[in-house]
>>> print(open('start_13.cif').read())   # mmCIF, C-alpha atoms and all ligand atoms
data_work
loop_
_atom_site.group_PDB
_atom_site.id
_atom_site.type_symbol
_atom_site.label_atom_id
_atom_site.label_comp_id
_atom_site.auth_asym_id
_atom_site.auth_seq_id
_atom_site.Cartn_x
_atom_site.Cartn_y
_atom_site.Cartn_z
ATOM 1 C CA MET A 1 15.765 -11.211 16.197
ATOM 2 C CA ASN A 2 16.881 -7.708 17.169
ATOM 3 C CA LYS A 3 17.006 -4.293 15.577
ATOM 4 C CA VAL A 4 20.639 -3.400 14.827
ATOM 5 C CA THR A 5 20.783 -0.054 13.007
ATOM 6 C CA GLN A 6 18.143 2.196 11.572
ATOM 7 C CA LEU A 7 18.405 1.951 7.803
ATOM 8 C CA TYR A 8 15.728 4.449 6.888
ATOM 9 C CA GLU A 9 12.939 6.558 8.338
ATOM 10 C CA GLY A 10 10.020 7.224 6.008
ATOM 11 C CA LYS A 11 6.802 9.149 6.502
ATOM 12 C CA ALA A 12 4.954 6.220 8.077
ATOM 13 C CA LYS A 13 7.598 3.637 8.938
ATOM 14 C CA LYS A 14 11.105 3.099 10.217
ATOM 15 C CA VAL A 15 13.199 0.262 8.820
ATOM 16 C CA TRP A 16 15.955 -1.447 10.805
ATOM 17 C CA THR A 17 18.670 -3.915 9.880
ATOM 18 C CA THR A 18 18.920 -7.134 11.912
ATOM 19 C CA GLU A 19 21.675 -9.691 12.609
ATOM 20 C CA ASP A 20 20.561 -11.441 9.413
ATOM 21 C CA PRO A 21 21.644 -9.536 6.277
ATOM 22 C CA GLU A 22 18.604 -10.827 4.375
ATOM 23 C CA LEU A 23 16.039 -9.636 6.942
ATOM 24 C CA LEU A 24 14.811 -6.233 8.133
ATOM 25 C CA ILE A 25 12.407 -5.065 10.832
ATOM 26 C CA VAL A 26 9.705 -2.575 9.841
ATOM 27 C CA ASP A 27 8.359 -0.363 12.628
ATOM 28 C CA TYR A 28 5.030 1.361 11.853
ATOM 29 C CA LYS A 29 4.524 4.915 13.180
ATOM 30 C CA ASP A 30 1.376 6.917 13.933
ATOM 31 C CA ASP A 31 2.707 9.878 11.899
ATOM 32 C CA ALA A 32 0.516 10.870 8.993
ATOM 33 C CA THR A 33 1.426 13.103 6.083
ATOM 34 C CA ALA A 34 -0.460 14.225 3.017
ATOM 35 C CA GLY A 35 0.269 16.271 -0.071
ATOM 36 C CA ASN A 36 3.850 14.979 -0.290
ATOM 37 C CA GLY A 37 4.582 16.038 3.304
ATOM 38 C CA ALA A 38 2.804 19.442 3.147
ATOM 39 C CA LYS A 39 0.272 18.374 5.804
ATOM 40 C CA LYS A 40 1.521 16.602 8.917
ATOM 41 C CA GLY A 41 -0.319 15.017 11.835
ATOM 42 C CA THR A 42 -0.849 11.929 13.920
ATOM 43 C CA ILE A 43 -3.495 9.254 13.698
ATOM 44 C CA HIS A 44 -3.604 7.542 17.089
ATOM 45 C CA ASP A 45 -2.755 3.815 16.826
ATOM 46 C CA LYS A 46 -2.465 3.993 13.028
ATOM 47 C CA GLY A 47 0.883 2.181 13.236
ATOM 48 C CA ILE A 48 -0.671 -0.756 15.070
ATOM 49 C CA ILE A 49 -3.622 -0.979 12.691
ATOM 50 C CA ASN A 50 -1.520 -0.679 9.521
ATOM 51 C CA ASN A 51 0.951 -3.292 10.748
ATOM 52 C CA ARG A 52 -1.767 -5.799 11.534
ATOM 53 C CA VAL A 53 -3.975 -5.086 8.509
ATOM 54 C CA THR A 54 -1.000 -5.246 6.113
ATOM 55 C CA ASN A 55 0.170 -8.579 7.502
ATOM 56 C CA HIS A 56 -3.341 -10.037 7.505
ATOM 57 C CA LEU A 57 -3.823 -9.111 3.836
ATOM 58 C CA MET A 58 -0.310 -10.159 2.776
ATOM 59 C CA LYS A 59 -0.791 -13.601 4.357
ATOM 60 C CA MET A 60 -3.973 -14.010 2.366
ATOM 61 C CA LEU A 61 -2.242 -12.880 -0.848
ATOM 62 C CA GLU A 62 0.632 -15.348 -0.310
ATOM 63 C CA LYS A 63 -1.944 -18.168 -0.167
ATOM 64 C CA GLU A 64 -3.402 -16.877 -3.432
ATOM 65 C CA GLY A 65 -0.027 -17.022 -5.189
ATOM 66 C CA VAL A 66 1.292 -13.471 -4.778
ATOM 67 C CA PRO A 67 4.757 -13.624 -3.156
ATOM 68 C CA THR A 68 5.355 -10.947 -0.506
ATOM 69 C CA HIS A 69 8.214 -9.714 1.674
ATOM 70 C CA LEU A 70 6.375 -10.761 4.869
ATOM 71 C CA VAL A 71 8.221 -13.046 7.282
ATOM 72 C CA GLU A 72 6.700 -12.604 10.754
ATOM 73 C CA GLU A 73 4.836 -10.066 12.879
ATOM 74 C CA ILE A 74 6.817 -9.691 16.107
ATOM 75 C CA SER A 75 4.877 -7.001 17.972
ATOM 76 C CA ASP A 76 1.955 -4.596 17.614
ATOM 77 C CA ARG A 77 3.990 -2.287 15.405
ATOM 78 C CA GLU A 78 6.906 -4.422 14.231
ATOM 79 C CA THR A 79 7.272 -7.006 11.489
ATOM 80 C CA ILE A 80 10.233 -8.952 10.125
ATOM 81 C CA VAL A 81 10.375 -8.676 6.338
ATOM 82 C CA LYS A 82 12.741 -9.907 3.644
ATOM 83 C CA LYS A 83 15.254 -7.330 2.483
ATOM 84 C CA VAL A 84 14.456 -6.150 -1.036
ATOM 85 C CA THR A 85 15.664 -3.590 -3.513
ATOM 86 C CA ILE A 86 12.556 -1.530 -4.109
ATOM 87 C CA VAL A 87 11.510 -1.111 -7.754
ATOM 88 C CA PRO A 88 11.109 2.701 -7.754
ATOM 89 C CA LEU A 89 7.471 2.646 -8.866
ATOM 90 C CA GLU A 90 4.134 3.235 -7.196
ATOM 91 C CA VAL A 91 1.781 0.786 -8.859
ATOM 92 C CA ILE A 92 -1.766 2.108 -8.656
ATOM 93 C CA VAL A 93 -4.868 0.057 -9.405
ATOM 94 C CA ARG A 94 -8.251 1.753 -9.831
ATOM 95 C CA ASN A 95 -11.751 0.298 -9.919
ATOM 96 C CA ILE A 96 -13.718 3.507 -9.306
ATOM 97 C CA ALA A 97 -12.643 7.056 -10.192
ATOM 98 C CA ALA A 98 -11.353 9.091 -7.231
ATOM 99 C CA GLY A 99 -8.489 11.328 -6.175
ATOM 100 C CA SER A 100 -5.916 12.322 -8.760
ATOM 101 C CA LEU A 101 -7.630 10.388 -11.578
ATOM 102 C CA SER A 102 -10.859 12.320 -11.063
ATOM 103 C CA LYS A 103 -8.917 15.584 -11.152
ATOM 104 C CA ARG A 104 -6.779 14.613 -14.130
ATOM 105 C CA ILE A 105 -9.555 13.567 -16.479
ATOM 106 C CA GLY A 106 -12.548 15.334 -14.932
ATOM 107 C CA LEU A 107 -14.415 12.191 -13.941
ATOM 108 C CA PRO A 108 -16.671 12.613 -10.865
ATOM 109 C CA GLU A 109 -15.500 10.641 -7.831
ATOM 110 C CA GLY A 110 -17.465 7.406 -7.575
ATOM 111 C CA THR A 111 -17.721 6.761 -11.335
ATOM 112 C CA PRO A 112 -17.056 3.045 -11.931
ATOM 113 C CA MET A 113 -14.273 2.394 -14.444
ATOM 114 C CA LYS A 114 -15.461 0.118 -17.275
ATOM 115 C CA LYS A 115 -12.074 -1.614 -17.158
ATOM 116 C CA THR A 116 -9.557 -1.823 -14.284
ATOM 117 C CA VAL A 117 -6.991 0.968 -14.609
ATOM 118 C CA LEU A 118 -3.312 0.385 -13.872
ATOM 119 C CA GLU A 119 -0.997 3.372 -13.418
ATOM 120 C CA TYR A 120 2.690 3.745 -12.606
ATOM 121 C CA CYS A 121 4.308 6.667 -10.810
ATOM 122 C CA TYR A 122 8.063 7.148 -10.435
ATOM 123 C CA LYS A 123 8.835 7.113 -6.703
ATOM 124 C CA ASP A 124 10.597 10.415 -6.151
ATOM 125 C CA ASP A 125 9.386 12.827 -3.459
ATOM 126 C CA ALA A 126 11.351 15.763 -4.886
ATOM 127 C CA LEU A 127 9.556 15.325 -8.220
ATOM 128 C CA GLY A 128 6.172 14.641 -6.563
ATOM 129 C CA ASP A 129 5.974 11.010 -7.788
ATOM 130 C CA PRO A 130 5.207 11.802 -11.462
ATOM 131 C CA MET A 131 3.111 9.416 -13.519
ATOM 132 C CA VAL A 132 5.152 7.447 -16.041
ATOM 133 C CA ASN A 133 4.355 4.770 -18.620
ATOM 134 C CA GLU A 134 5.935 1.484 -19.649
ATOM 135 C CA TYR A 135 8.218 3.224 -22.160
ATOM 136 C CA HIS A 136 9.687 5.499 -19.472
ATOM 137 C CA ILE A 137 10.135 2.560 -17.090
ATOM 138 C CA LEU A 138 12.016 0.447 -19.645
ATOM 139 C CA ALA A 139 14.044 3.390 -20.996
ATOM 140 C CA MET A 140 15.133 4.289 -17.458
ATOM 141 C CA GLU A 141 15.772 0.598 -16.654
ATOM 142 C CA TRP A 142 13.805 0.818 -13.404
ATOM 143 C CA CYS A 143 12.960 -2.832 -14.115
ATOM 144 C CA THR A 144 12.906 -5.193 -17.091
ATOM 145 C CA LYS A 145 9.929 -5.902 -19.347
ATOM 146 C CA GLU A 146 9.583 -9.376 -17.788
ATOM 147 C CA GLU A 147 9.603 -7.890 -14.279
ATOM 148 C CA LEU A 148 7.054 -5.220 -15.226
ATOM 149 C CA ASP A 149 4.746 -7.830 -16.775
ATOM 150 C CA LEU A 150 4.948 -9.837 -13.546
ATOM 151 C CA ILE A 151 4.337 -6.721 -11.426
ATOM 152 C CA ALA A 152 1.239 -5.898 -13.500
ATOM 153 C CA LYS A 153 0.007 -9.496 -13.217
ATOM 154 C CA TYR A 154 0.475 -9.490 -9.427
ATOM 155 C CA ALA A 155 -1.179 -6.057 -9.061
ATOM 156 C CA LEU A 156 -4.290 -7.244 -10.930
ATOM 157 C CA LYS A 157 -4.354 -10.452 -8.873
ATOM 158 C CA VAL A 158 -4.139 -8.402 -5.649
ATOM 159 C CA ASN A 159 -7.107 -6.378 -6.907
ATOM 160 C CA GLU A 160 -9.134 -9.512 -7.639
ATOM 161 C CA VAL A 161 -8.406 -11.166 -4.292
ATOM 162 C CA LEU A 162 -8.816 -8.063 -2.132
ATOM 163 C CA SER A 163 -11.932 -6.731 -3.893
ATOM 164 C CA ALA A 164 -13.730 -10.035 -3.332
ATOM 165 C CA TYR A 165 -12.572 -10.328 0.280
ATOM 166 C CA LEU A 166 -13.437 -6.746 1.206
ATOM 167 C CA LYS A 167 -16.860 -7.018 -0.407
ATOM 168 C CA GLU A 168 -17.735 -9.691 2.172
ATOM 169 C CA VAL A 169 -17.225 -7.129 4.937
ATOM 170 C CA ASN A 170 -19.092 -4.367 3.094
ATOM 171 C CA ILE A 171 -16.028 -2.498 1.920
ATOM 172 C CA GLN A 172 -15.635 -1.360 -1.672
ATOM 173 C CA LEU A 173 -12.025 -1.271 -2.883
ATOM 174 C CA ILE A 174 -11.937 1.996 -4.856
ATOM 175 C CA ASP A 175 -8.205 2.122 -5.607
ATOM 176 C CA PHE A 176 -4.847 1.370 -4.014
ATOM 177 C CA LYS A 177 -1.103 1.738 -4.329
ATOM 178 C CA LEU A 178 1.399 -1.122 -4.227
ATOM 179 C CA GLU A 179 5.173 -1.283 -4.185
ATOM 180 C CA PHE A 180 7.273 -4.221 -5.304
ATOM 181 C CA GLY A 181 10.840 -5.218 -4.505
ATOM 182 C CA LYS A 182 13.505 -7.651 -5.681
ATOM 183 C CA LEU A 183 15.060 -10.232 -3.373
ATOM 184 C CA SER A 184 18.811 -10.868 -3.652
ATOM 185 C CA ASP A 185 18.061 -13.792 -6.025
ATOM 186 C CA GLY A 186 16.027 -11.477 -8.298
ATOM 187 C CA THR A 187 12.553 -12.710 -7.266
ATOM 188 C CA ILE A 188 9.889 -9.992 -7.466
ATOM 189 C CA VAL A 189 7.785 -9.758 -4.288
ATOM 190 C CA LEU A 190 5.062 -7.454 -3.003
ATOM 191 C CA ALA A 191 6.577 -5.073 -0.417
ATOM 192 C CA ASP A 192 5.605 -1.955 1.584
ATOM 193 C CA GLU A 193 2.064 -2.005 3.019
ATOM 194 C CA ILE A 194 -1.608 -2.476 2.181
ATOM 195 C CA SER A 195 -3.630 -0.402 4.609
ATOM 196 C CA PRO A 196 -6.078 2.497 4.927
ATOM 197 C CA ASP A 197 -3.019 4.720 4.271
ATOM 198 C CA THR A 198 -2.508 3.240 0.806
ATOM 199 C CA CYS A 199 -6.011 2.186 -0.269
ATOM 200 C CA ARG A 200 -9.359 3.917 -0.699
ATOM 201 C CA PHE A 201 -11.977 1.925 1.181
ATOM 202 C CA TRP A 202 -15.645 3.001 1.002
ATOM 203 C CA ASP A 203 -18.497 1.455 2.923
ATOM 204 C CA THR A 204 -20.490 -0.458 0.296
ATOM 205 C CA VAL A 205 -23.851 0.816 1.530
ATOM 206 C CA THR A 206 -23.246 4.322 2.871
ATOM 207 C CA HIS A 207 -20.160 5.130 0.718
ATOM 208 C CA GLU A 208 -18.570 6.510 3.889
ATOM 209 C CA LYS A 209 -14.790 6.861 3.478
ATOM 210 C CA LEU A 210 -12.822 4.455 5.702
ATOM 211 C CA ASP A 211 -9.297 5.536 4.772
ATOM 212 C CA LYS A 212 -6.660 8.252 4.799
ATOM 213 C CA ASP A 213 -8.780 10.597 2.669
ATOM 214 C CA ARG A 214 -10.473 11.555 5.977
ATOM 215 C CA PHE A 215 -7.119 12.999 7.084
ATOM 216 C CA ARG A 216 -6.062 14.321 3.660
ATOM 217 C CA ARG A 217 -9.359 16.187 3.275
ATOM 218 C CA ASP A 218 -9.737 17.358 6.919
ATOM 219 C CA MET A 219 -12.950 15.375 7.315
ATOM 220 C CA GLY A 220 -12.147 14.109 10.834
ATOM 221 C CA GLY A 221 -12.986 10.650 12.150
ATOM 222 C CA GLU A 222 -9.851 9.026 10.747
ATOM 223 C CA GLU A 223 -9.055 7.130 13.960
ATOM 224 C CA ASP A 224 -12.517 5.548 14.056
ATOM 225 C CA ALA A 225 -12.348 4.772 10.344
ATOM 226 C CA TYR A 226 -9.010 2.911 10.695
ATOM 227 C CA LYS A 227 -10.376 1.006 13.713
ATOM 228 C CA GLU A 228 -13.511 0.096 11.774
ATOM 229 C CA VAL A 229 -11.435 -1.370 8.927
ATOM 230 C CA MET A 230 -9.430 -3.501 11.365
ATOM 231 C CA LYS A 231 -12.628 -4.628 13.096
ATOM 232 C CA ARG A 232 -14.292 -5.639 9.841
ATOM 233 C CA LEU A 233 -11.189 -7.466 8.563
ATOM 234 C CA MET A 234 -9.966 -9.110 11.725
ATOM 235 C CA GLY A 235 -12.922 -8.993 14.081
ATOM 236 C CA GLU A 236 -11.043 -6.796 16.567
HETATM 237 P P1 LIG B 301 -4.347 9.179 -6.031
HETATM 238 O O1 LIG B 301 -3.442 9.067 -7.220
HETATM 239 O O2 LIG B 301 -5.780 9.242 -6.433
HETATM 240 O O3 LIG B 301 -3.932 10.264 -5.090
HETATM 241 O O4 LIG B 301 -4.153 7.818 -5.217
HETATM 242 C C1 LIG B 301 -4.577 6.579 -5.728
HETATM 243 C C2 LIG B 301 -4.471 5.512 -4.643
HETATM 244 O O5 LIG B 301 -3.109 5.242 -4.374
HETATM 245 C C3 LIG B 301 -5.082 5.916 -3.302
HETATM 246 O O6 LIG B 301 -5.665 4.758 -2.728
HETATM 247 C C4 LIG B 301 -3.912 6.388 -2.451
HETATM 248 O O7 LIG B 301 -4.116 6.053 -1.107
HETATM 249 C C5 LIG B 301 -2.764 5.585 -3.038
HETATM 250 N N1 LIG B 301 -1.532 6.383 -3.129
HETATM 251 C C6 LIG B 301 -1.004 6.981 -4.219
HETATM 252 N N2 LIG B 301 0.146 7.605 -3.924
HETATM 253 C C7 LIG B 301 0.346 7.425 -2.616
HETATM 254 C C8 LIG B 301 1.374 7.842 -1.702
HETATM 255 O O8 LIG B 301 2.366 8.500 -2.066
HETATM 256 N N3 LIG B 301 1.216 7.467 -0.411
HETATM 257 C C9 LIG B 301 0.153 6.729 0.015
HETATM 258 N N4 LIG B 301 0.048 6.404 1.311
HETATM 259 N N5 LIG B 301 -0.812 6.309 -0.818
HETATM 260 C C10 LIG B 301 -0.723 6.638 -2.115
#
>>> encode(input="start_13.cif", output="structure tokens")
Amino acid sequence: MNKVTQLYEGKAKKVWTTEDPELLIVDYKDDATAGNGAKKGTIHDKGIINNRVTNHLMKMLEKEGVPTHLVEEISDRETIVKKVTIVPLEVIVRNIAAGSLSKRIGLPEGTPMKKTVLEYCYKDDALGDPMVNEYHILAMEWCTKEELDLIAKYALKVNEVLSAYLKEVNIQLIDFKLEFGKLSDGTIVLADEISPDTCRFWDTVTHEKLDKDRFRRDMGGEEDAYKEVMKRLMGE
């Protein structure tokens, strides 16, 4: 399978069409941005790590009953995925307060949530991905009620499966962002990526941050942190 034309270039990935109209090739970059593009940089080998970590986790989720867009990893940075129409929502799941939630409601980072929190943001860079609720989503027809219920069910299942798996390698899953898409037959599948770019991972014992917050917050050590996550998950 070959890349035909570049369909899209995002902050962290390029997406190419292929000879098959139902399949795309995703190409992961080392570019890193934060603050909606305000801060730009590079995290060496991030593209390789995010490609491999995402595929490793998506394979596991497929086995656990969460359908994904994954077809096949074809190189260090490239993966064949099913073409989807992205539901324009960032679906955020939170186990422990951090980031924008801590700011919004004044909860110190690290405070466990008594119940898992699910949030939706409307995917729109120009608007800064504003938080929306189910009423907005249905009124704007970004998806149907049935689709949203399924998306919520899958997001909570992803949390259950990943939290348990990461715990075994001494990583606490603080929060994460998912994106879902619709196949041409209407099936909802998990799309985009699951990586240290899109999740907060803390070492269970030391609470050291092993994710993109190191870059966002100018802490340094992001390359080692990404490598450490890959090593703990995949033994490499
Ligand atoms: P927060 O809302 O606290 O900034 O982010 C919550 C979680 O979702 C974090 O794990 C963060 O990595 C992820 N997240 C939210 N929005 C984005 C985004 O636009 N890009 C990326 N890479 N991750 C996001």
>>> atom_distance(input="start_13.cif", atom1="atom O5 of ligand LIG 301 (chain B)", atom2="CA of Ile174 in chain A")
9.4 Å
>>> atom_distance(input="start_13.cif", atom1="CA of Val87 in chain A", atom2="CA of Met58 in chain A")
18.2 Å
>>> residues_around(input="start_13.cif", residues="Gly181 in chain A", least_positions_apart="4", cutoff="10 Å", atoms="only C-alpha atoms", output="short mmCIF file (atom, residue, chain, number, x, y, z; two decimals) with C-alpha atoms, in the coordinates of the input")
data_model
loop_
_atom_site.label_atom_id
_atom_site.label_comp_id
_atom_site.auth_asym_id
_atom_site.auth_seq_id
_atom_site.Cartn_x
_atom_site.Cartn_y
_atom_site.Cartn_z
CA THR A 68 5.36 -10.95 -0.51
CA HIS A 69 8.21 -9.71 1.67
CA LYS A 82 12.74 -9.91 3.64
CA LYS A 83 15.25 -7.33 2.48
CA VAL A 84 14.46 -6.15 -1.04
CA THR A 85 15.66 -3.59 -3.51
CA ILE A 86 12.56 -1.53 -4.11
CA VAL A 87 11.51 -1.11 -7.75
CA PRO A 88 11.11 2.70 -7.75
CA LEU A 89 7.47 2.65 -8.87
CA ILE A 151 4.34 -6.72 -11.43
CA GLY A 186 16.03 -11.48 -8.30
CA THR A 187 12.55 -12.71 -7.27
CA ILE A 188 9.89 -9.99 -7.47
CA VAL A 189 7.78 -9.76 -4.29
CA LEU A 190 5.06 -7.45 -3.00
CA ALA A 191 6.58 -5.07 -0.42
CA ASP A 192 5.60 -1.96 1.58
#
>>> residues_near_ligand(input="start_13.cif", ligand="ligand LIG 301 (chain B)", cutoff="7 Å", atoms="all atoms listed in the file", output="list in words")
Asn36, Glu90, Ile92, Ala98, Gly99, Ser100, Leu101, Asp175, Phe176, Lys177, Asp197, Thr198, Cys199, Arg200 and Lys212 of chain A
>>> write_last_selection(input="start_13.cif", atoms="C-alpha atoms", output="CSV table (one decimal), in the frame of the given file")
chain,number,residue,atom,x,y,z
A,36,ASN,CA,3.8,15.0,-0.3
A,90,GLU,CA,4.1,3.2,-7.2
A,92,ILE,CA,-1.8,2.1,-8.7
A,98,ALA,CA,-11.4,9.1,-7.2
A,99,GLY,CA,-8.5,11.3,-6.2
A,100,SER,CA,-5.9,12.3,-8.8
A,101,LEU,CA,-7.6,10.4,-11.6
A,175,ASP,CA,-8.2,2.1,-5.6
A,176,PHE,CA,-4.8,1.4,-4.0
A,177,LYS,CA,-1.1,1.7,-4.3
A,197,ASP,CA,-3.0,4.7,4.3
A,198,THR,CA,-2.5,3.2,0.8
A,199,CYS,CA,-6.0,2.2,-0.3
A,200,ARG,CA,-9.4,3.9,-0.7
A,212,LYS,CA,-6.7,8.3,4.8
>>> closest_residue(input="start_13.cif", among="A:Leu7, A:Ile171, A:Met219, A:Leu107", to="Val205 in chain A", atoms="all atoms listed in the file")
A:Ile171
>>> resolve_selection(input="start_13.cif", expression="the PyMOL selection byres (((chain A and resi 22) around 10) and not hetatm)", output="list in words")
Thr17, Thr18, Glu19, Asp20, Pro21, Leu23, Leu24, Val81, Lys82, Lys83, Val84, Leu183 and Ser184 of chain A
>>> closest_residue(input="start_13.cif", among="A:Ile43, A:Ile48, A:Ala164, A:Val53", to="Glu193 in chain A", atoms="all atoms listed in the file")
A:Val53
>>> closest_residue(input="start_13.cif", among="A:Ile80, A:Leu233, A:Ile74, A:Leu178", to="Arg94 in chain A", atoms="all atoms listed in the file")
A:Leu178
>>> residues_around(input="start_13.cif", residues="Gly128 in chain A", least_positions_apart="6", cutoff="10 Å", atoms="all atoms listed in the file", output="list in words")
Gly35, Asn36, Cys121 and Tyr122 of chain A
>>> atom_distance(input="start_13.cif", atom1="CA of Asp124 in chain A", atom2="CA of Ile49 in chain A")
26.2 Å
>>> closest_atom_pairs(input="start_13.cif", of="range 80-177 of chain A", to="range 60-63 of chain A", cutoff="9 Å", atoms="only C-alpha atoms", output="tab-separated table")
residue	atom	partner	partner_atom	distance
A:Lys157	CA	A:Leu61	CA	8.6
A:Val158	CA	A:Leu61	CA	6.8
A:Val161	CA	A:Leu61	CA	7.3
A:Leu162	CA	A:Leu61	CA	8.3
>>> resolve_selection(input="start_13.cif", expression="the PyMOL selection byres (((chain A and resi 131) around 6) and not hetatm)", output="list in words")
Tyr120, Cys121, Pro130 and Val132 of chain A
>>> resolve_selection(input="start_13.cif", expression="the PyMOL selection byres (((chain A and resi 148) around 12) and not hetatm)", output="VMD selection string")
chain A and resid 87 to 89 91 118 to 120 133 to 138 141 to 147 149 to 155 179 to 182 188 to 189
>>> residues_around(input="start_13.cif", residues="Gly41 in chain A", least_positions_apart="4", cutoff="9 Å", atoms="all atoms listed in the file", output="ChimeraX atom specification")
/A:30-34,215
>>> write_last_selection(input="start_13.cif", atoms="C-alpha atoms", output="JSON list (two decimals), keeping the file's coordinate frame")
[["chain", "number", "residue", "atom", "x", "y", "z"],
["A", 30, "ASP", "CA", 1.38, 6.92, 13.93],
["A", 31, "ASP", "CA", 2.71, 9.88, 11.90],
["A", 32, "ALA", "CA", 0.52, 10.87, 8.99],
["A", 33, "THR", "CA", 1.43, 13.10, 6.08],
["A", 34, "ALA", "CA", -0.46, 14.22, 3.02],
["A", 215, "PHE", "CA", -7.12, 13.00, 7.08]]
>>> closest_residue(input="start_13.cif", among="A:Leu210, A:Asn170, A:Asp224, A:Ile194", to="Lys59 in chain A", atoms="all atoms listed in the file")
A:Ile194
>>> closest_residue(input="start_13.cif", among="A:Lys14, A:Arg217, A:His56, A:Lys103", to="Met234 in chain A", atoms="only C-alpha atoms")
A:His56
>>> decode(input="start_13.cif", residues="range 170-176 of chain A", atoms="all heavy atoms", output="mmCIF file, in the first residue's frame")
data_model
loop_
_atom_site.group_PDB
_atom_site.id
_atom_site.type_symbol
_atom_site.label_atom_id
_atom_site.label_comp_id
_atom_site.auth_asym_id
_atom_site.auth_seq_id
_atom_site.Cartn_x
_atom_site.Cartn_y
_atom_site.Cartn_z
ATOM 1 N N ASN A 170 3.310 0.229 36.771
ATOM 2 C CA ASN A 170 3.533 1.373 37.672
ATOM 3 C C ASN A 170 3.255 2.728 37.052
ATOM 4 O O ASN A 170 3.973 3.695 37.310
ATOM 5 C CB ASN A 170 4.965 1.354 38.225
ATOM 6 C CG ASN A 170 5.058 0.451 39.426
ATOM 7 O OD1 ASN A 170 4.095 0.325 40.182
ATOM 8 N ND2 ASN A 170 6.199 -0.191 39.580
ATOM 9 N N ILE A 171 2.225 2.766 36.203
ATOM 10 C CA ILE A 171 1.806 4.053 35.650
ATOM 11 C C ILE A 171 0.358 4.304 36.055
ATOM 12 O O ILE A 171 -0.500 3.424 35.901
ATOM 13 C CB ILE A 171 1.941 4.093 34.108
ATOM 14 C CG1 ILE A 171 3.415 4.030 33.698
ATOM 15 C CG2 ILE A 171 1.284 5.357 33.537
ATOM 16 C CD1 ILE A 171 3.651 3.961 32.184
ATOM 17 N N GLN A 172 0.132 5.508 36.590
ATOM 18 C CA GLN A 172 -1.230 5.902 36.960
ATOM 19 C C GLN A 172 -1.815 6.697 35.791
ATOM 20 O O GLN A 172 -1.177 7.649 35.315
ATOM 21 C CB GLN A 172 -1.107 6.807 38.195
ATOM 22 C CG GLN A 172 -2.259 6.713 39.121
ATOM 23 C CD GLN A 172 -2.044 7.573 40.361
ATOM 24 O OE1 GLN A 172 -1.023 8.248 40.517
ATOM 25 N NE2 GLN A 172 -3.015 7.550 41.238
ATOM 26 N N LEU A 173 -2.998 6.298 35.347
ATOM 27 C CA LEU A 173 -3.663 7.004 34.244
ATOM 28 C C LEU A 173 -4.493 8.141 34.859
ATOM 29 O O LEU A 173 -5.577 7.910 35.403
ATOM 30 C CB LEU A 173 -4.543 6.039 33.443
ATOM 31 C CG LEU A 173 -5.264 6.622 32.238
ATOM 32 C CD1 LEU A 173 -4.295 7.234 31.228
ATOM 33 C CD2 LEU A 173 -6.129 5.561 31.556
ATOM 34 N N ILE A 174 -3.960 9.351 34.769
ATOM 35 C CA ILE A 174 -4.592 10.522 35.402
ATOM 36 C C ILE A 174 -5.805 10.971 34.593
ATOM 37 O O ILE A 174 -6.902 11.125 35.122
ATOM 38 C CB ILE A 174 -3.571 11.682 35.503
ATOM 39 C CG1 ILE A 174 -2.301 11.217 36.239
ATOM 40 C CG2 ILE A 174 -4.194 12.927 36.144
ATOM 41 C CD1 ILE A 174 -2.533 10.703 37.631
ATOM 42 N N ASP A 175 -5.577 11.195 33.294
ATOM 43 C CA ASP A 175 -6.656 11.600 32.387
ATOM 44 C C ASP A 175 -6.189 11.379 30.952
ATOM 45 O O ASP A 175 -5.011 11.078 30.727
ATOM 46 C CB ASP A 175 -7.077 13.080 32.614
ATOM 47 C CG ASP A 175 -5.925 14.056 32.462
ATOM 48 O OD1 ASP A 175 -4.977 13.778 31.707
ATOM 49 O OD2 ASP A 175 -5.965 15.119 33.106
ATOM 50 N N PHE A 176 -7.100 11.486 30.020
ATOM 51 C CA PHE A 176 -6.727 11.317 28.606
ATOM 52 C C PHE A 176 -7.819 11.856 27.713
ATOM 53 O O PHE A 176 -8.941 12.095 28.143
ATOM 54 C CB PHE A 176 -6.428 9.846 28.264
ATOM 55 C CG PHE A 176 -7.552 8.893 28.557
ATOM 56 C CD1 PHE A 176 -8.457 8.524 27.569
ATOM 57 C CD2 PHE A 176 -7.705 8.347 29.815
ATOM 58 C CE1 PHE A 176 -9.491 7.637 27.832
ATOM 59 C CE2 PHE A 176 -8.750 7.455 30.095
ATOM 60 C CZ PHE A 176 -9.636 7.108 29.099
#
